[in-house]
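Structure below is work36.txt: compact mmCIF, C-alpha atoms.
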```txt
# COMPACT_ATOMS: atom_id res chain seq x y z
CA MET A 146 22.55 52.24 -41.77
CA SER A 147 25.14 53.07 -44.40
CA LYS A 148 28.78 53.39 -43.39
CA GLU A 149 28.76 56.95 -44.69
CA LEU A 150 25.81 57.94 -42.52
CA SER A 151 27.17 56.09 -39.50
CA SER A 152 30.49 57.93 -39.66
CA GLU A 153 28.71 61.29 -39.48
CA LEU A 154 26.78 60.51 -36.31
CA PRO A 155 28.00 61.86 -32.96
CA LEU A 156 29.68 59.28 -30.76
CA PRO A 157 27.86 58.54 -27.49
CA ASP A 158 29.22 60.94 -24.88
CA SER A 159 27.56 61.22 -21.49
CA ASP A 160 29.59 64.22 -20.30
CA PHE A 161 27.22 66.76 -21.88
CA TYR A 162 28.23 69.70 -19.65
CA ARG A 163 31.97 68.91 -19.82
CA ILE A 164 32.43 68.28 -16.11
CA VAL A 165 35.80 66.72 -16.96
CA ASP A 166 37.05 70.29 -17.38
CA CYS A 167 36.91 70.58 -13.58
CA LEU A 168 40.07 68.45 -13.53
CA ASP A 169 43.54 69.73 -14.25
CA ASP A 170 45.73 68.36 -17.03
CA ALA A 171 47.44 65.72 -14.88
CA GLU A 172 44.10 64.54 -13.46
CA ARG A 173 42.57 64.28 -16.92
CA ALA A 174 45.58 62.26 -18.07
CA LYS A 175 45.07 59.83 -15.18
CA LEU A 176 41.38 59.56 -16.01
CA ARG A 177 42.25 58.75 -19.63
CA GLU A 178 44.51 55.95 -18.37
CA VAL A 179 41.64 54.52 -16.34
CA ARG A 180 39.25 54.72 -19.31
CA ALA A 181 41.77 53.07 -21.62
CA PHE A 182 42.28 50.20 -19.18
CA MET A 183 38.57 49.71 -18.56
CA GLU A 184 37.69 49.74 -22.26
CA ALA A 185 40.60 47.62 -23.45
CA SER A 186 40.90 45.10 -20.61
CA VAL A 187 37.64 44.98 -18.67
CA ALA A 188 34.87 45.67 -21.19
CA PRO A 189 35.67 42.72 -23.50
CA VAL A 190 35.58 40.11 -20.73
CA ILE A 191 33.27 41.41 -18.02
CA ASN A 192 30.05 39.81 -19.31
CA HIS A 193 31.68 36.38 -19.09
CA TYR A 194 32.70 36.93 -15.47
CA TRP A 195 29.35 38.47 -14.59
CA ALA A 196 27.47 35.48 -16.00
CA SER A 197 29.75 33.00 -14.22
CA ASP A 198 29.71 34.78 -10.82
CA SER A 199 33.50 34.98 -10.86
CA PHE A 200 36.17 37.65 -10.47
CA PRO A 201 38.82 38.44 -13.16
CA PHE A 202 41.90 38.10 -10.96
CA GLU A 203 44.18 38.39 -13.98
CA LEU A 204 43.16 42.06 -14.28
CA LEU A 205 44.50 42.99 -10.83
CA PRO A 206 48.04 43.77 -12.09
CA GLY A 207 46.55 46.28 -14.52
CA ILE A 208 44.62 48.02 -11.76
CA ARG A 209 47.75 48.03 -9.59
CA ASP A 210 49.77 49.65 -12.37
CA LEU A 211 47.22 52.47 -12.64
CA GLY A 212 48.17 53.52 -9.11
CA ILE A 213 44.65 54.55 -8.14
CA ALA A 214 44.15 52.76 -4.82
CA GLY A 215 44.07 55.49 -2.18
CA VAL A 216 43.65 58.44 -4.53
CA GLY A 217 42.76 61.39 -2.31
CA TYR A 218 44.76 60.07 0.65
CA GLU A 219 48.00 61.85 1.48
CA GLY A 220 51.05 59.91 2.64
CA TYR A 221 51.46 56.27 3.62
CA GLY A 222 52.32 55.24 0.06
CA CYS A 223 49.02 56.55 -1.31
CA PRO A 224 48.78 58.61 -4.53
CA GLY A 225 47.34 61.69 -2.81
CA GLY A 226 45.50 64.24 -4.92
CA ARG A 227 41.98 65.56 -4.74
CA THR A 228 38.89 63.69 -3.67
CA LEU A 229 37.37 65.08 -6.86
CA LEU A 230 39.70 62.89 -8.91
CA SER A 231 38.80 59.80 -6.90
CA GLY A 232 35.15 60.51 -7.68
CA PHE A 233 35.84 60.77 -11.39
CA ILE A 234 37.77 57.50 -11.24
CA ALA A 235 34.86 55.75 -9.51
CA MET A 236 32.49 57.11 -12.16
CA GLU A 237 34.78 56.03 -14.98
CA ILE A 238 35.13 52.48 -13.66
CA ALA A 239 31.37 52.15 -13.09
CA ARG A 240 30.73 53.43 -16.60
CA VAL A 241 32.14 50.11 -17.83
CA ASP A 242 31.25 47.83 -14.92
CA CYS A 243 29.64 48.47 -11.53
CA SER A 244 31.02 45.27 -10.00
CA PHE A 245 34.56 46.39 -10.69
CA ALA A 246 33.73 49.81 -9.27
CA THR A 247 32.38 48.15 -6.13
CA PHE A 248 35.53 46.06 -5.71
CA TYR A 249 37.57 49.26 -6.02
CA GLY A 250 35.32 51.18 -3.65
CA VAL A 251 35.34 48.51 -0.95
CA HIS A 252 39.12 48.23 -1.03
CA SER A 253 40.18 51.84 -1.59
CA GLY A 254 37.25 53.57 0.09
CA LEU A 255 35.82 51.48 2.89
CA ALA A 256 38.82 49.39 3.96
CA MET A 257 41.65 51.85 3.37
CA GLY A 258 39.43 54.74 4.45
CA SER A 259 38.68 53.05 7.78
CA ILE A 260 42.38 52.73 8.54
CA LEU A 261 43.12 56.26 7.35
CA LEU A 262 40.37 57.88 9.44
CA CYS A 263 40.32 55.59 12.47
CA GLY A 264 43.79 54.04 12.65
CA SER A 265 46.86 55.09 14.61
CA GLU A 266 49.99 56.34 12.86
CA GLU A 267 51.53 52.89 13.33
CA GLN A 268 48.51 51.17 11.80
CA LYS A 269 48.40 53.53 8.84
CA ALA A 270 52.12 53.07 8.21
CA LYS A 271 51.79 49.28 8.39
CA TRP A 272 48.67 48.64 6.35
CA LEU A 273 48.10 51.46 3.87
CA PRO A 274 51.27 51.14 1.74
CA PRO A 275 50.71 47.47 0.79
CA MET A 276 47.01 48.18 0.26
CA ALA A 277 47.86 51.09 -2.05
CA ARG A 278 50.05 48.66 -4.03
CA LEU A 279 47.22 46.08 -4.03
CA GLU A 280 49.50 43.63 -2.28
CA LYS A 281 46.89 43.43 0.46
CA ILE A 282 43.19 43.50 -0.48
CA GLY A 283 40.73 44.84 2.05
CA SER A 284 37.07 44.36 2.95
CA PHE A 285 34.62 46.14 5.24
CA GLY A 286 32.43 44.18 7.65
CA LEU A 287 29.57 46.22 9.08
CA THR A 288 26.28 44.78 7.78
CA GLU A 289 24.96 41.63 9.47
CA PRO A 290 22.41 38.98 8.44
CA GLU A 291 19.75 40.62 10.64
CA VAL A 292 21.19 44.13 10.95
CA GLY A 293 21.47 46.57 8.05
CA SER A 294 20.09 50.08 8.55
CA GLY A 295 20.14 49.62 12.33
CA ALA A 296 23.90 49.15 12.55
CA SER A 297 24.46 52.26 14.66
CA GLY A 298 22.81 50.78 17.73
CA GLY A 299 21.98 47.18 16.96
CA LEU A 300 25.14 45.28 16.05
CA THR A 301 25.03 41.72 17.31
CA THR A 302 28.69 40.97 16.57
CA THR A 303 30.49 41.34 19.89
CA ALA A 304 34.01 42.09 21.09
CA ARG A 305 35.27 41.07 24.50
CA LYS A 306 38.63 42.24 25.88
CA GLU A 307 40.84 39.55 27.42
CA GLY A 308 44.30 40.77 28.37
CA ASP A 309 46.00 42.13 25.24
CA ASN A 310 43.49 40.47 22.90
CA TRP A 311 39.91 40.87 21.78
CA ILE A 312 37.55 37.94 21.22
CA LEU A 313 35.10 38.52 18.34
CA ASN A 314 31.89 36.55 17.82
CA GLY A 315 29.10 37.07 15.33
CA GLN A 316 28.31 37.23 11.64
CA LYS A 317 28.66 39.76 8.82
CA LYS A 318 26.85 39.60 5.47
CA TRP A 319 27.32 41.06 1.98
CA ILE A 320 31.01 41.68 2.58
CA GLY A 321 32.64 42.33 -0.79
CA ASN A 322 36.16 40.99 -1.48
CA ALA A 323 36.12 38.93 1.72
CA THR A 324 36.13 35.49 0.10
CA TRP A 325 39.60 36.08 -1.33
CA GLY A 326 41.02 39.23 0.25
CA ASP A 327 43.64 39.59 2.96
CA LEU A 328 42.02 41.66 5.70
CA THR A 329 38.59 42.80 6.79
CA ILE A 330 37.62 45.77 8.92
CA ILE A 331 35.18 44.23 11.39
CA TRP A 332 32.89 46.49 13.39
CA ALA A 333 31.70 44.96 16.66
CA ARG A 334 29.95 46.01 19.86
CA ASP A 335 32.24 46.11 22.86
CA LEU A 336 30.53 44.18 25.65
CA ALA A 337 32.20 46.36 28.28
CA ASP A 338 30.87 49.77 27.21
CA ASN A 339 28.32 48.83 24.48
CA GLN A 340 30.17 51.03 21.95
CA VAL A 341 30.96 50.04 18.34
CA LYS A 342 34.68 49.52 17.73
CA GLY A 343 36.65 48.62 14.60
CA PHE A 344 39.19 45.84 14.20
CA ILE A 345 41.66 44.95 11.44
CA VAL A 346 41.13 41.21 11.10
CA GLU A 347 43.41 39.23 8.84
CA ASN A 348 41.31 36.77 6.91
CA ASN A 349 43.53 33.81 7.79
CA THR A 350 42.92 34.33 11.51
CA PRO A 351 41.57 31.20 13.26
CA GLY A 352 37.86 31.61 13.89
CA PHE A 353 37.34 33.75 10.75
CA LYS A 354 35.24 31.98 8.10
CA ALA A 355 34.11 33.58 4.81
CA GLU A 356 31.54 31.78 2.65
CA LYS A 357 30.63 33.04 -0.82
CA ILE A 358 27.04 34.27 -1.17
CA GLU A 359 25.44 32.51 -4.13
CA ASN A 360 22.45 33.20 -6.38
CA LYS A 361 22.79 36.99 -6.57
CA MET A 362 21.07 38.93 -9.34
CA ALA A 363 23.34 41.98 -9.07
CA LEU A 364 27.05 42.79 -8.86
CA LYS A 365 27.76 39.17 -9.68
CA VAL A 366 31.48 39.78 -10.25
CA VAL A 367 31.85 40.99 -6.65
CA GLN A 368 32.62 38.06 -4.39
CA ASN A 369 30.38 38.84 -1.42
CA ALA A 370 30.81 36.79 1.74
CA LEU A 371 28.90 35.68 4.76
CA ILE A 372 31.51 35.98 7.51
CA THR A 373 31.24 33.94 10.68
CA LEU A 374 33.45 34.89 13.61
CA THR A 375 33.81 32.19 16.24
CA ASP A 376 36.01 33.15 19.20
CA CYS A 377 38.20 35.00 16.69
CA ILE A 378 41.23 36.38 18.56
CA VAL A 379 42.43 39.81 17.44
CA PRO A 380 45.35 41.56 19.18
CA GLU A 381 44.84 45.00 20.71
CA GLN A 382 47.34 46.36 18.19
CA ASN A 383 44.80 45.56 15.46
CA ARG A 384 41.97 47.50 17.10
CA LEU A 385 41.50 50.78 15.26
CA GLN A 386 43.03 53.07 17.86
CA MET A 387 41.25 56.29 16.88
CA ASP A 388 37.80 54.67 16.88
CA SER A 389 35.71 54.67 20.04
CA SER A 390 32.05 54.67 18.91
CA PHE A 391 29.78 54.51 15.87
CA ARG A 392 30.39 58.22 15.36
CA ASP A 393 33.83 57.26 14.06
CA THR A 394 32.37 54.57 11.82
CA ALA A 395 30.01 57.21 10.44
CA ARG A 396 32.99 59.33 9.34
CA VAL A 397 34.00 56.51 7.03
CA LEU A 398 30.46 56.09 5.72
CA ARG A 399 30.16 59.81 5.02
CA MET A 400 33.17 59.60 2.74
CA THR A 401 32.14 56.39 0.99
CA ARG A 402 28.52 57.44 0.45
CA ALA A 403 29.93 60.21 -1.70
CA PHE A 404 31.82 57.54 -3.63
CA VAL A 405 28.61 55.55 -4.20
CA ALA A 406 26.90 58.64 -5.60
CA TRP A 407 29.69 58.89 -8.18
CA GLU A 408 29.33 55.18 -8.90
CA ALA A 409 25.60 55.63 -9.54
CA VAL A 410 26.41 58.34 -12.08
CA GLY A 411 28.86 56.02 -13.84
CA CYS A 412 26.22 53.29 -13.96
CA MET A 413 23.82 55.69 -15.70
CA MET A 414 26.50 56.81 -18.11
CA GLY A 415 27.32 53.28 -19.20
CA ALA A 416 23.67 52.36 -19.75
CA TYR A 417 23.02 55.60 -21.65
CA GLU A 418 25.98 55.23 -23.98
CA HIS A 419 25.10 51.63 -24.84
CA ALA A 420 21.44 52.56 -25.39
CA LEU A 421 22.33 55.53 -27.60
CA ALA A 422 24.74 53.49 -29.74
CA TYR A 423 22.07 50.81 -30.07
CA ALA A 424 19.42 53.35 -31.09
CA GLN A 425 21.71 54.78 -33.75
CA ARG A 426 22.17 51.41 -35.46
CA ARG A 427 18.93 49.53 -34.72
CA GLN A 428 16.57 49.65 -37.73
CA GLN A 429 12.77 49.60 -37.55
CA PHE A 430 10.34 50.65 -40.27
CA GLY A 431 13.28 51.33 -42.56
CA LYS A 432 15.19 53.77 -40.37
CA PRO A 433 17.26 53.88 -37.16
CA ILE A 434 15.08 54.01 -34.04
CA ALA A 435 17.10 57.05 -32.92
CA LYS A 436 15.03 58.99 -35.48
CA PHE A 437 11.83 58.39 -33.54
CA GLN A 438 10.59 61.09 -31.19
CA LEU A 439 9.74 58.75 -28.31
CA VAL A 440 13.23 57.22 -28.38
CA GLN A 441 14.85 60.65 -28.40
CA ASP A 442 12.62 61.63 -25.48
CA LEU A 443 13.93 58.70 -23.41
CA LEU A 444 17.53 59.44 -24.34
CA VAL A 445 17.20 63.09 -23.34
CA LYS A 446 15.55 62.13 -20.04
CA MET A 447 18.50 59.84 -19.34
CA LEU A 448 20.98 62.55 -20.22
CA GLY A 449 19.16 65.02 -17.98
CA ASN A 450 19.38 62.61 -15.05
CA ILE A 451 23.06 62.02 -15.70
CA THR A 452 23.94 65.69 -16.07
CA ALA A 453 22.04 66.81 -12.97
CA CYS A 454 23.73 64.10 -10.90
CA GLN A 455 27.16 64.85 -12.35
CA CYS A 456 26.86 68.48 -11.29
CA MET A 457 25.74 67.39 -7.82
CA VAL A 458 28.62 64.98 -7.22
CA VAL A 459 31.22 67.43 -8.52
CA GLN A 460 30.09 69.98 -5.92
CA LEU A 461 29.90 67.20 -3.32
CA SER A 462 33.57 66.35 -3.85
CA GLN A 463 34.53 70.00 -3.86
CA LEU A 464 32.88 70.32 -0.44
CA GLN A 465 34.86 67.30 0.70
CA ASP A 466 38.14 68.70 -0.62
CA GLY A 467 37.36 71.93 1.20
CA GLY A 468 36.71 70.14 4.50
CA LYS A 469 33.04 71.14 4.45
CA LEU A 470 31.37 67.79 3.71
CA LYS A 471 28.60 66.86 6.17
CA ASP A 472 26.62 63.65 6.56
CA GLU A 473 23.54 65.24 5.03
CA HIS A 474 25.48 66.32 1.93
CA ALA A 475 26.65 62.77 1.22
CA SER A 476 23.23 61.33 2.05
CA LEU A 477 21.34 63.65 -0.29
CA ALA A 478 23.69 62.80 -3.16
CA LYS A 479 23.56 59.05 -2.53
CA SER A 480 19.76 59.10 -2.27
CA PHE A 481 19.08 61.38 -5.24
CA CYS A 482 21.65 59.90 -7.62
CA THR A 483 20.63 56.31 -7.02
CA VAL A 484 16.95 57.12 -7.60
CA LYS A 485 17.81 58.86 -10.87
CA MET A 486 20.12 55.97 -11.79
CA ARG A 487 17.32 53.45 -11.36
CA GLU A 488 15.09 55.56 -13.58
CA ALA A 489 17.76 56.08 -16.24
CA VAL A 490 18.79 52.43 -16.61
CA GLY A 491 15.11 51.57 -16.95
CA TYR A 492 14.86 53.96 -19.88
CA ALA A 493 17.92 52.32 -21.47
CA ARG A 494 16.35 48.89 -21.17
CA GLU A 495 13.10 50.27 -22.65
CA ILE A 496 14.89 51.64 -25.71
CA MET A 497 16.35 48.22 -26.43
CA GLY A 498 13.07 46.35 -26.19
CA ALA A 499 13.57 42.59 -25.87
CA ASN A 500 17.29 42.96 -26.51
CA GLY A 501 17.48 44.94 -23.29
CA ILE A 502 17.38 41.75 -21.25
CA LEU A 503 20.30 40.15 -23.12
CA LEU A 504 23.70 40.37 -21.48
CA ASP A 505 25.23 40.72 -24.95
CA HIS A 506 24.00 44.30 -25.15
CA HIS A 507 25.37 45.22 -21.67
CA VAL A 508 22.38 47.27 -20.51
CA ALA A 509 20.85 44.29 -18.67
CA ARG A 510 23.97 44.17 -16.49
CA PHE A 511 23.62 47.85 -15.59
CA VAL A 512 19.92 47.40 -14.82
CA ALA A 513 20.62 44.48 -12.47
CA ASP A 514 23.65 46.08 -10.82
CA SER A 515 21.77 49.31 -10.19
CA GLU A 516 19.55 47.46 -7.73
CA ALA A 517 22.49 46.73 -5.45
CA ILE A 518 23.88 50.27 -5.71
CA TYR A 519 20.42 51.61 -4.84
CA SER A 520 20.47 49.68 -1.56
CA TYR A 521 24.00 49.58 -0.20
CA GLU A 522 25.75 52.32 1.80
CA GLY A 523 22.41 53.32 3.28
CA THR A 524 18.98 52.86 1.73
CA ARG A 525 17.11 55.76 0.16
CA GLU A 526 14.86 55.91 3.21
CA MET A 527 17.70 56.08 5.74
CA ASN A 528 19.59 58.71 3.78
CA THR A 529 16.37 60.69 3.39
CA LEU A 530 15.94 60.76 7.18
CA ILE A 531 19.52 61.98 7.65
CA VAL A 532 18.79 64.90 5.33
CA GLY A 533 15.36 65.41 6.87
CA LYS A 534 16.83 65.80 10.35
CA ALA A 535 19.39 68.31 9.04
CA ILE A 536 16.81 70.53 7.37
CA THR A 537 14.01 70.35 9.96
CA GLY A 538 15.90 69.96 13.21
CA PHE A 539 13.79 66.92 14.10
CA GLY A 540 14.97 63.32 14.04
CA ALA A 541 12.39 60.94 12.58
CA PHE A 542 14.32 57.73 13.14
CA VAL A 543 12.51 54.91 14.89
```

Written form, structure tokens:
Amino acid sequence: MSKELSSELPLPDSDFYRIVDCLDDAERAKLREVRAFMEASVAPVINHYWASDSFPFELLPGIRDLGIAGVGYEGYGCPGGRTLLSGFIAMEIARVDCSFATFYGVHSGLAMGSILLCGSEEQKAKWLPPMARLEKIGSFGLTEPEVGSGASGGLTTTARKEGDNWILNGQKKWIGNATWGDLTIIWARDLADNQVKGFIVENNTPGFKAEKIENKMALKVVQNALITLTDCIVPEQNRLQMDSSFRDTARVLRMTRAFVAWEAVGCMMGAYEHALAYAQRRQQFGKPIAKFQLVQDLLVKMLGNITACQCMVVQLSQLQDGGKLKDEHASLAKSFCTVKMREAVGYAREIMGANGILLDHHVARFVADSEAIYSYEGTREMNTLIVGKAITGFGAFV
């Protein structure tokens, strides 16, 4: 392709319906800061870290300086603002790398969100400010080796009250950030009343052991842990005081499922933009493959998936900002957007042919990472049943 022709081509842009215009000037400025950081600092190095199963700790000061941990949370040293902006930020980070978006979501969404929604005023004042400054990194321990979708009633990790302390025993699996972070929100079943309760467990507590999960094919930058709790003593002051059952845990998951829907959109956007740029420059039969009808068909299908999901998650966050978000709203978005994401990244890989499996071209990373996003924060099937119960009035859970 000649330089003259190349300069006339439209740059890949996955915001076809200009959803960014839903933000105000200050929010768009913050989003531009996030994009600049991700493109200048993360994009050039992320393939190396992904391939080596390692985390780029040297990038943490840059994330801290963006001031985005706790966007949407008012007070306690958090940036405040609209949930809508936090969704755009999640999308923007995932557009470059889904592992980095997952690190951000676990810390800012799951860990900080648990304390915000289920903690006492004293706990929020103690923990949220240093977490907002990324001086303390958080994790979220709900899933277990043998318990995933059945967490609401089947947790095997137990909590036993002894005086002013709780004794925790059990295991948690797939816990992002836990191999190197500072604290983990552990959800355990109280042996006294059989209810799920949350605990802020500092990772250096005796009896807390976090082992890195090896041999993953997705989100390889995220340092997931298998946590083993052996007579781990946690003081009553670290029990989430406003949490008394899994209903409270579900409030956190409602919020973070919305985040995952945004992340799925960002994953699609990144794959699409790389595939489009590739199609514009890749030559076959004497011309760019972007000139072929079948390639354009795949690109437009991808863009349709992206645009439909963008419109859905924008309205989802507007419901949340208006205090109208329900479980079924978050579940429909998580389910629908991750299905469309899986489809879209497959189209991107198809456009690239054999090059689509090379990390050098980025799309392979999005294809692999999409598999994890598709599964975590509630499988498609579980989220479908949440929506199904809401629309029919009948629960179909086993």

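Proximity of A:Glu307, A:Asp376, A:Glu526, A:Glu266 to Leu477 (chain A), computed with only C-alpha atoms, is greatest for A:Glu526.
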
In file coordinates, which residues lie within 7 Å of (39.5, 51.3, 17.6) using all atoms listed in the file, given as a PyMOL selection string? chain A and resi 263+342-344+384-389

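Minimum distance to Val490 (chain A) across A:Asp466, A:Glu356, A:Glu418, A:Glu522 (counting all atoms listed in the file) occurs at A:Glu418.
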
Please identify all polymer residues within 10 Å of Asn192 (chain A), counting all atoms listed in the file, omitting same-chain residues fewer than 3 positions from it, and present them as an NGL selection string. :A and (187-189 or 195-198 or 242 or 365-366 or 504-507 or 510)

Around (49.5, 53.8, 6.5), as given in the file, which residues come within 12 Å? Count all atoms listed in the file and list them as a short mmCIF file (atom, residue, chain, number, x, y, z; two decimals) with C-alpha atoms, keeping the file's coordinate frame.
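Result saved to result_5.cif:
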```
data_model
loop_
_atom_site.label_atom_id
_atom_site.label_comp_id
_atom_site.auth_asym_id
_atom_site.auth_seq_id
_atom_site.Cartn_x
_atom_site.Cartn_y
_atom_site.Cartn_z
CA GLY A 215 44.07 55.49 -2.18
CA TYR A 218 44.76 60.07 0.65
CA GLU A 219 48.00 61.85 1.48
CA GLY A 220 51.05 59.91 2.64
CA TYR A 221 51.46 56.27 3.62
CA GLY A 222 52.32 55.24 0.06
CA CYS A 223 49.02 56.55 -1.31
CA ALA A 256 38.82 49.39 3.96
CA MET A 257 41.65 51.85 3.37
CA GLY A 258 39.43 54.74 4.45
CA SER A 259 38.68 53.05 7.78
CA ILE A 260 42.38 52.73 8.54
CA LEU A 261 43.12 56.26 7.35
CA LEU A 262 40.37 57.88 9.44
CA CYS A 263 40.32 55.59 12.47
CA GLY A 264 43.79 54.04 12.65
CA SER A 265 46.86 55.09 14.61
CA GLU A 266 49.99 56.34 12.86
CA GLU A 267 51.53 52.89 13.33
CA GLN A 268 48.51 51.17 11.80
CA LYS A 269 48.40 53.53 8.84
CA ALA A 270 52.12 53.07 8.21
CA LYS A 271 51.79 49.28 8.39
CA TRP A 272 48.67 48.64 6.35
CA LEU A 273 48.10 51.46 3.87
CA PRO A 274 51.27 51.14 1.74
CA PRO A 275 50.71 47.47 0.79
CA MET A 276 47.01 48.18 0.26
CA ALA A 277 47.86 51.09 -2.05
CA ARG A 278 50.05 48.66 -4.03
#
```

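Across the model, the gap from CA of Cys456 (chain A) to CA of Ala489 (chain A) is 16.2 Å.
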
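Note that the spacing between CA of Gly352 (chain A) and CA of Gly315 (chain A) amounts to 10.4 Å.
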
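With CA of Leu443 (chain A) on one side and CA of Arg525 (chain A) on the other, the separation reads 24.0 Å.
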
For region 405-413 of chain A, please output as a PyMOL selection string all residues within 8 Å (counting all atoms listed in the file; exclusion window: fewer than 5 positions along the same chain). chain A and resi 232-233+235-243+246+447+451+454-455+458+475+478-480+482-483+486+489-490+511+515+518+522

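Shortest atom-to-atom contact with Arg402 (chain A) among A:Asp472, A:Asp338, A:Glu381, A:Glu153: A:Asp472, counting all atoms listed in the file.
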
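Among the candidates A:Arg487, A:Lys534, A:His252, A:Arg399, the one nearest to His474 (chain A) when counting all atoms listed in the file is A:Arg399.
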
Nearby residues (all atoms listed in the file) at most 12 Å from Asp210 (chain A), same-chain spacing under 5 positions excluded, as a PDB file with C-alpha atoms, in the frame of the given file:
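As a result, out_4.pdb now contains:
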```pdb
ATOM      1  CA  LYS A 175      45.070  59.830 -15.180  1.00  0.00           C
ATOM      2  CA  GLU A 178      44.510  55.950 -18.370  1.00  0.00           C
ATOM      3  CA  VAL A 179      41.640  54.520 -16.340  1.00  0.00           C
ATOM      4  CA  PHE A 182      42.280  50.200 -19.180  1.00  0.00           C
ATOM      5  CA  LEU A 204      43.160  42.060 -14.280  1.00  0.00           C
ATOM      6  CA  LEU A 205      44.500  42.990 -10.830  1.00  0.00           C
ATOM      7  CA  PRO A 224      48.780  58.610  -4.530  1.00  0.00           C
ATOM      8  CA  ALA A 277      47.860  51.090  -2.050  1.00  0.00           C
ATOM      9  CA  ARG A 278      50.050  48.660  -4.030  1.00  0.00           C
ATOM     10  CA  LEU A 279      47.220  46.080  -4.030  1.00  0.00           C
ATOM     11  CA  GLU A 280      49.500  43.630  -2.280  1.00  0.00           C
TER      12      GLU A 280
END
```
